[in-house]
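Just below is one structure, and these are the notes that go with it.
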Amino acid sequence: MQIRSSDARGHANFGWLDSRHTFSFGHYYDAAHMGFGALRVINEDRVAPGGGFPTHGHSDMEIISYVLDGALQHKDSLGTGSVIRPGEVQRMTAGTGIRHSEYNDSGTEPVHFLQIWIVPERDGLTPGYEQKAFPLAERNGRLRLVGSRDGRDGSVTIHQDVDLYSAVLAAGTTVTLPVRTGRQVWVQVARGMLRVDGTAVSAGDGLAVTDSGDLTLETGEDAEVLVFDLAA
């Protein structure tokens with residue numbers, strides 16, 4: 001296992017945006033941290049009230065937005081408009097090209113979210129998006145599948161061989177994920193603290209796991225975590 005500590009991440013602060021980059025992104029470049037398998041970007045963004053990203057373009061990327069606090073307003077060139085709130089997951093397929101904007105939906109409260117990029121299984125996909133709600137009751141005390149290649153169990157469809165889980169865990173909770181041969185796992189701690197096979201990680205930390213076998217997550221305090229099960 002290899003820890004990517006919160007403090008070691010790239011950092012950009014533009015006043016309206018405070019962003020931490022787990023992997024190389026924008027002006028932050030680190031040859032040792034270019035991604036993990038098909039997982040290319042995990043940015044932890046805090047956007048001030050009224051702030052946001054003006055309309056800009058993307059192509060050939062699966063972009064997932066996961067809101068922790070506040071509300072994120074999304075509009076795109078397909079005519080889609082929505083607000084993403086905690087407990088909701090949005091997947092946008094940039095494919096052959098899409099333009100979109102993202103703004104804090106509130107004029108008084110900040111929005112705190114994770115933006116995740118996953119390299120798709122092939123280029124040239126038809127642009128599109130999907131957004132689903134996963135109530136706390138479904139994620140409380142368990143790893144709830146929120147994204148997958150085949151959209152099973154009500155998860156959003158990601159055009160890549162990846163299973164994405166979300167869990168909200170009270171202190172003293174233990175959950176286990178079997179890591180199959182030929183797979184690798186990235187654990188991203190969104191809040192709180194936990195131990196992954198005995199290794200302590202806390203908010204903002206990431207952990208790369210490349211061995212097969214049962215992976216045990218045990219919380220020392222309340223925590224929220226994303227787990228990516230990827231092809232090795």
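Residue numbering restarts at 1 for every chain of the structure tokens, chains are lettered A, B, ... in their displayed order, and ligands are numbered from 1 as they appear.
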message = At a cut-off of 7 Å, using only C-alpha atoms, what residues contact range 217-221 of chain A? Leave out same-chain residues fewer than 2 positions from it and give the result as a ChimeraX atom specification.
response = /A:169-176,192-197,215,223
Take the residues from that selection and write them out as a PDB file, in the first residue's frame, keeping N, CA and C atoms.
```
ATOM      1  N   LEU A 169     -19.383   6.163   7.347  1.00  0.00           N
ATOM      2  CA  LEU A 169     -19.130   5.176   8.393  1.00  0.00           C
ATOM      3  C   LEU A 169     -19.030   5.848   9.761  1.00  0.00           C
ATOM      4  N   ALA A 170     -19.828   5.394  10.694  1.00  0.00           N
ATOM      5  CA  ALA A 170     -19.727   5.875  12.072  1.00  0.00           C
ATOM      6  C   ALA A 170     -18.477   5.294  12.729  1.00  0.00           C
ATOM      7  N   ALA A 171     -18.017   5.954  13.787  1.00  0.00           N
ATOM      8  CA  ALA A 171     -16.846   5.465  14.522  1.00  0.00           C
ATOM      9  C   ALA A 171     -17.070   4.026  14.967  1.00  0.00           C
ATOM     10  N   GLY A 172     -16.030   3.213  14.786  1.00  0.00           N
ATOM     11  CA  GLY A 172     -16.110   1.826  15.209  1.00  0.00           C
ATOM     12  C   GLY A 172     -16.693   0.877  14.184  1.00  0.00           C
ATOM     13  N   THR A 173     -16.955   1.381  12.979  1.00  0.00           N
ATOM     14  CA  THR A 173     -17.505   0.547  11.912  1.00  0.00           C
ATOM     15  C   THR A 173     -16.383  -0.132  11.123  1.00  0.00           C
ATOM     16  N   THR A 174     -16.626  -1.368  10.724  1.00  0.00           N
ATOM     17  CA  THR A 174     -15.679  -2.102   9.879  1.00  0.00           C
ATOM     18  C   THR A 174     -16.409  -2.610   8.640  1.00  0.00           C
ATOM     19  N   VAL A 175     -15.841  -2.344   7.468  1.00  0.00           N
ATOM     20  CA  VAL A 175     -16.379  -2.878   6.216  1.00  0.00           C
ATOM     21  C   VAL A 175     -15.228  -3.521   5.452  1.00  0.00           C
ATOM     22  N   THR A 176     -15.568  -4.484   4.601  1.00  0.00           N
ATOM     23  CA  THR A 176     -14.553  -5.235   3.872  1.00  0.00           C
ATOM     24  C   THR A 176     -14.882  -5.252   2.382  1.00  0.00           C
ATOM     25  N   GLY A 192     -13.026  12.661   8.032  1.00  0.00           N
ATOM     26  CA  GLY A 192     -12.760  11.789   9.166  1.00  0.00           C
ATOM     27  C   GLY A 192     -11.462  11.020   9.059  1.00  0.00           C
ATOM     28  N   MET A 193     -11.419   9.891   9.750  1.00  0.00           N
ATOM     29  CA  MET A 193     -10.208   9.086   9.817  1.00  0.00           C
ATOM     30  C   MET A 193     -10.594   7.624   9.840  1.00  0.00           C
ATOM     31  N   LEU A 194      -9.767   6.793   9.211  1.00  0.00           N
ATOM     32  CA  LEU A 194      -9.987   5.354   9.265  1.00  0.00           C
ATOM     33  C   LEU A 194      -8.661   4.637   9.094  1.00  0.00           C
ATOM     34  N   ARG A 195      -8.724   3.319   9.290  1.00  0.00           N
ATOM     35  CA  ARG A 195      -7.558   2.468   9.053  1.00  0.00           C
ATOM     36  C   ARG A 195      -7.902   1.507   7.921  1.00  0.00           C
ATOM     37  N   VAL A 196      -6.984   1.409   6.978  1.00  0.00           N
ATOM     38  CA  VAL A 196      -7.143   0.495   5.857  1.00  0.00           C
ATOM     39  C   VAL A 196      -6.115  -0.619   6.040  1.00  0.00           C
ATOM     40  N   ASP A 197      -6.595  -1.801   6.381  1.00  0.00           N
ATOM     41  CA  ASP A 197      -5.700  -2.914   6.739  1.00  0.00           C
ATOM     42  C   ASP A 197      -4.668  -2.470   7.774  1.00  0.00           C
ATOM     43  N   LEU A 215      -9.822  -6.359   1.696  1.00  0.00           N
ATOM     44  CA  LEU A 215      -9.374  -5.050   2.147  1.00  0.00           C
ATOM     45  C   LEU A 215     -10.329  -4.585   3.239  1.00  0.00           C
ATOM     46  N   ALA A 223     -16.516   8.920   9.391  1.00  0.00           N
ATOM     47  CA  ALA A 223     -15.751   9.127   8.166  1.00  0.00           C
ATOM     48  C   ALA A 223     -16.637   8.956   6.944  1.00  0.00           C
TER      49      ALA A 223
END
```
ask   = If you run DSSP on the backbone, which residues of range 47-164 of chain A are alpha helix (DSSP H), as a PyMOL selection string?
value = chain A and resi 136-139
Hey, which bits of range 28-128 of chain A sit within 9 Å of range 226-232 of chain A, and for each residue what's the closest pair of atoms and how far apart in Å (one decimal), counting only C-alpha atoms, rows by chain and increasing number, as a tab-separated table?
```
residue	atom	partner	partner_atom	distance
A:Phe36	CA	A:Leu230	CA	8.8
A:Gly37	CA	A:Ala232	CA	6.5
A:Ala38	CA	A:Leu230	CA	7.3
A:Leu39	CA	A:Leu230	CA	8.2
```
Please produce a file of the residues just selected, as a PDB file, in the first residue's frame, where the atoms kept are N, CA and C atoms.
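part03.pdb was written with the following content:
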```pdb
ATOM      1  N   PHE A  36      -3.723   6.870 -11.388  1.00  0.00           N
ATOM      2  CA  PHE A  36      -3.657   5.512 -10.853  1.00  0.00           C
ATOM      3  C   PHE A  36      -4.541   4.648 -11.727  1.00  0.00           C
ATOM      4  N   GLY A  37      -3.928   3.867 -12.611  1.00  0.00           N
ATOM      5  CA  GLY A  37      -4.711   3.132 -13.585  1.00  0.00           C
ATOM      6  C   GLY A  37      -5.512   4.111 -14.434  1.00  0.00           C
ATOM      7  N   ALA A  38      -6.798   3.841 -14.614  1.00  0.00           N
ATOM      8  CA  ALA A  38      -7.652   4.729 -15.398  1.00  0.00           C
ATOM      9  C   ALA A  38      -8.084   5.973 -14.628  1.00  0.00           C
ATOM     10  N   LEU A  39      -7.787   6.019 -13.331  1.00  0.00           N
ATOM     11  CA  LEU A  39      -8.133   7.173 -12.498  1.00  0.00           C
ATOM     12  C   LEU A  39      -7.109   8.274 -12.733  1.00  0.00           C
TER      13      LEU A  39
END
```
ask   = If you count only C-alpha atoms, which residues fall within 8 Å of range 140-151 of chain A, apart from same-chain ones fewer than 2 positions away, as a PyMOL selection string?
value = chain A and resi 89+134+136-138+153-170+173-175
Give me a file of those residues, with N, CA and C atoms, as a compact mmCIF listing (two decimals), in the first residue's frame.
```
# COMPACT_ATOMS: atom_id res chain seq x y z
N VAL A 89 -24.53 11.81 -7.26
CA VAL A 89 -23.34 11.59 -8.09
C VAL A 89 -23.71 11.93 -9.52
N PHE A 134 -28.10 8.96 -3.99
CA PHE A 134 -27.84 7.79 -3.17
C PHE A 134 -28.02 8.21 -1.72
N LEU A 136 -28.43 8.75 2.28
CA LEU A 136 -27.52 8.37 3.36
C LEU A 136 -27.81 6.98 3.87
N ALA A 137 -29.07 6.60 3.94
CA ALA A 137 -29.42 5.28 4.46
C ALA A 137 -28.80 4.16 3.63
N GLU A 138 -28.56 4.41 2.34
CA GLU A 138 -27.96 3.39 1.47
C GLU A 138 -26.45 3.33 1.61
N ASP A 153 -27.07 -2.28 -9.96
CA ASP A 153 -27.52 -1.88 -8.62
C ASP A 153 -27.90 -0.41 -8.56
N GLY A 154 -28.33 0.14 -9.67
CA GLY A 154 -28.77 1.52 -9.68
C GLY A 154 -27.66 2.54 -9.72
N SER A 155 -26.42 2.12 -9.98
CA SER A 155 -25.29 3.04 -10.03
C SER A 155 -25.27 3.80 -11.36
N VAL A 156 -24.54 4.92 -11.40
CA VAL A 156 -24.36 5.61 -12.67
C VAL A 156 -23.41 4.78 -13.53
N THR A 157 -23.54 4.91 -14.83
CA THR A 157 -22.71 4.15 -15.76
C THR A 157 -21.44 4.93 -16.09
N ILE A 158 -20.30 4.30 -15.85
CA ILE A 158 -18.99 4.87 -16.18
C ILE A 158 -18.41 4.06 -17.32
N HIS A 159 -17.98 4.71 -18.37
CA HIS A 159 -17.48 4.00 -19.54
C HIS A 159 -16.02 3.59 -19.35
N GLN A 160 -15.83 2.73 -18.37
CA GLN A 160 -14.51 2.19 -18.04
C GLN A 160 -14.71 1.05 -17.05
N ASP A 161 -13.75 0.15 -16.99
CA ASP A 161 -13.83 -0.99 -16.08
C ASP A 161 -13.47 -0.54 -14.66
N VAL A 162 -14.44 0.06 -13.99
CA VAL A 162 -14.24 0.57 -12.64
C VAL A 162 -15.53 0.42 -11.85
N ASP A 163 -15.39 0.04 -10.59
CA ASP A 163 -16.49 0.07 -9.63
C ASP A 163 -16.16 1.15 -8.61
N LEU A 164 -17.07 2.10 -8.45
CA LEU A 164 -16.88 3.20 -7.51
C LEU A 164 -17.88 3.05 -6.38
N TYR A 165 -17.36 3.02 -5.14
CA TYR A 165 -18.18 2.88 -3.95
C TYR A 165 -18.11 4.14 -3.10
N SER A 166 -19.20 4.43 -2.42
CA SER A 166 -19.26 5.49 -1.42
C SER A 166 -19.72 4.89 -0.10
N ALA A 167 -19.12 5.34 0.99
CA ALA A 167 -19.53 4.87 2.31
C ALA A 167 -19.46 6.01 3.32
N VAL A 168 -20.47 6.07 4.19
CA VAL A 168 -20.47 6.97 5.34
C VAL A 168 -20.46 6.08 6.56
N LEU A 169 -19.38 6.16 7.35
CA LEU A 169 -19.13 5.18 8.39
C LEU A 169 -19.03 5.85 9.76
N ALA A 170 -19.83 5.39 10.69
CA ALA A 170 -19.73 5.88 12.07
C ALA A 170 -18.48 5.29 12.73
N THR A 173 -16.95 1.38 12.98
CA THR A 173 -17.50 0.55 11.91
C THR A 173 -16.38 -0.13 11.12
N THR A 174 -16.63 -1.37 10.72
CA THR A 174 -15.68 -2.10 9.88
C THR A 174 -16.41 -2.61 8.64
N VAL A 175 -15.84 -2.34 7.47
CA VAL A 175 -16.38 -2.88 6.22
C VAL A 175 -15.23 -3.52 5.45
```
message = Please identify the strand (DSSP E or B) residues within range 10-200 of chain A (assignment by DSSP from backbone atoms) and present them as an MDAnalysis selection string.
response = chainID A and resid 10:13 17:21 25 28 36 39:47 52:58 62:69 72:76 81:84 88:93 98:104 111:118 128:133 140 144:148 156:157 162:169 174:179 183:191 193:196 199:200
Can I get the residues of range 56-142 of chain A within 12 Å of range 182-189 of chain A, each with the closest pair of atoms and their distance in Å to one decimal, using only C-alpha atoms, sorted chain first then ascending number, as a Markdown table?
```
| residue | atom | partner | partner_atom | distance |
| --- | --- | --- | --- | --- |
| A:Leu68 | CA | A:Val189 | CA | 11.6 |
| A:Leu114 | CA | A:Gln188 | CA | 10.1 |
| A:Ile116 | CA | A:Gln188 | CA | 11.0 |
```
For the selection you just gave me, I'd like the residues written to a file as a tab-separated table (two decimals), in the first residue's frame, keeping C-alpha atoms.
```tsv
chain	number	residue	atom	x	y	z
A	68	LEU	CA	-19.72	16.93	0.18
A	114	LEU	CA	-14.65	16.24	-5.38
A	116	ILE	CA	-12.95	13.02	-10.51
```
Distance query range 106-110 of chain A at most 9 Å, only C-alpha atoms, self and fewer than 2 positions along chain excluded, as a compact mmCIF listing (two decimals) with C-alpha atoms, in the first residue's frame:
```
# COMPACT_ATOMS: atom_id res chain seq x y z
CA ARG A 46 -13.96 24.56 -2.35
CA VAL A 47 -15.77 27.29 -4.26
CA ALA A 48 -16.75 30.54 -2.57
CA PRO A 49 -20.36 31.81 -2.67
CA GLY A 50 -21.19 33.05 -6.16
CA GLY A 51 -17.95 31.68 -7.62
CA ASP A 69 -21.28 20.21 1.35
CA GLY A 70 -23.35 22.87 -0.37
CA ALA A 71 -24.73 22.71 -3.90
CA LEU A 72 -23.06 22.77 -7.33
CA GLN A 73 -24.89 24.16 -10.35
CA TYR A 103 -20.96 27.36 -10.23
CA ASN A 104 -21.67 27.45 -6.54
CA HIS A 112 -17.15 21.61 -1.20
```
ask   = Near Gly35 in chain A, within 7 Å and counting only C-alpha atoms, which residues show up once chain neighbours fewer than 5 positions away are dropped, as an MDAnalysis selection string?
value = chainID A and resid 23 40:41
Keeping only C-alpha atoms, take the residues you just selected and write them out as a CSV table (one decimal), in the first residue's frame.
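That gives us selection39.csv:
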```csv
chain,number,residue,atom,x,y,z
A,23,PHE,CA,-2.7,13.9,-9.2
A,40,ARG,CA,-6.6,10.4,-13.8
A,41,VAL,CA,-7.9,13.3,-11.5
```
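Counting only C-alpha atoms and comparing A:Pro120, A:Gly10, A:Gly213, A:Gly87, the residue that lies closest to Ile63 in chain A is A:Pro120.
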key: range 75-78 of chain A surroundings by only C-alpha atoms, 8 Å radius, close-in-sequence under 4 positions cut, as a ChimeraX atom specification   = /A:55,82,98-102,128
Limited to C-alpha atoms, could you put the picked residues into a file as a short mmCIF file (atom, residue, chain, number, x, y, z; two decimals), in the first residue's frame?
```cif
data_model
loop_
_atom_site.label_atom_id
_atom_site.label_comp_id
_atom_site.auth_asym_id
_atom_site.auth_seq_id
_atom_site.Cartn_x
_atom_site.Cartn_y
_atom_site.Cartn_z
CA THR A 55 -18.06 27.66 -19.68
CA SER A 82 -28.96 20.58 -12.79
CA ILE A 98 -18.76 19.06 -24.60
CA ARG A 99 -18.78 22.51 -23.02
CA HIS A 100 -20.06 23.14 -19.53
CA SER A 101 -19.97 25.48 -16.56
CA GLU A 102 -20.00 24.78 -12.83
CA GLY A 128 -23.92 12.68 -22.26
#
```
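Near Pro127 in chain A, within 6 Å and counting only C-alpha atoms, sit Thr93, Ala94 and Gly95 of chain A, not including residues fewer than 4 positions from it in the same chain.
CA of Glu130 in chain A to CA of Tyr66 in chain A spans 12.5 Å [interatomic distance, one decimal].
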key: d(CA of Val111 in chain A, CA of Gly26 in chain A) in Å   = 20.7 Å
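For the pair CA of Gly15 in chain A and CA of Glu224 in chain A, the separation is 26.5 Å.
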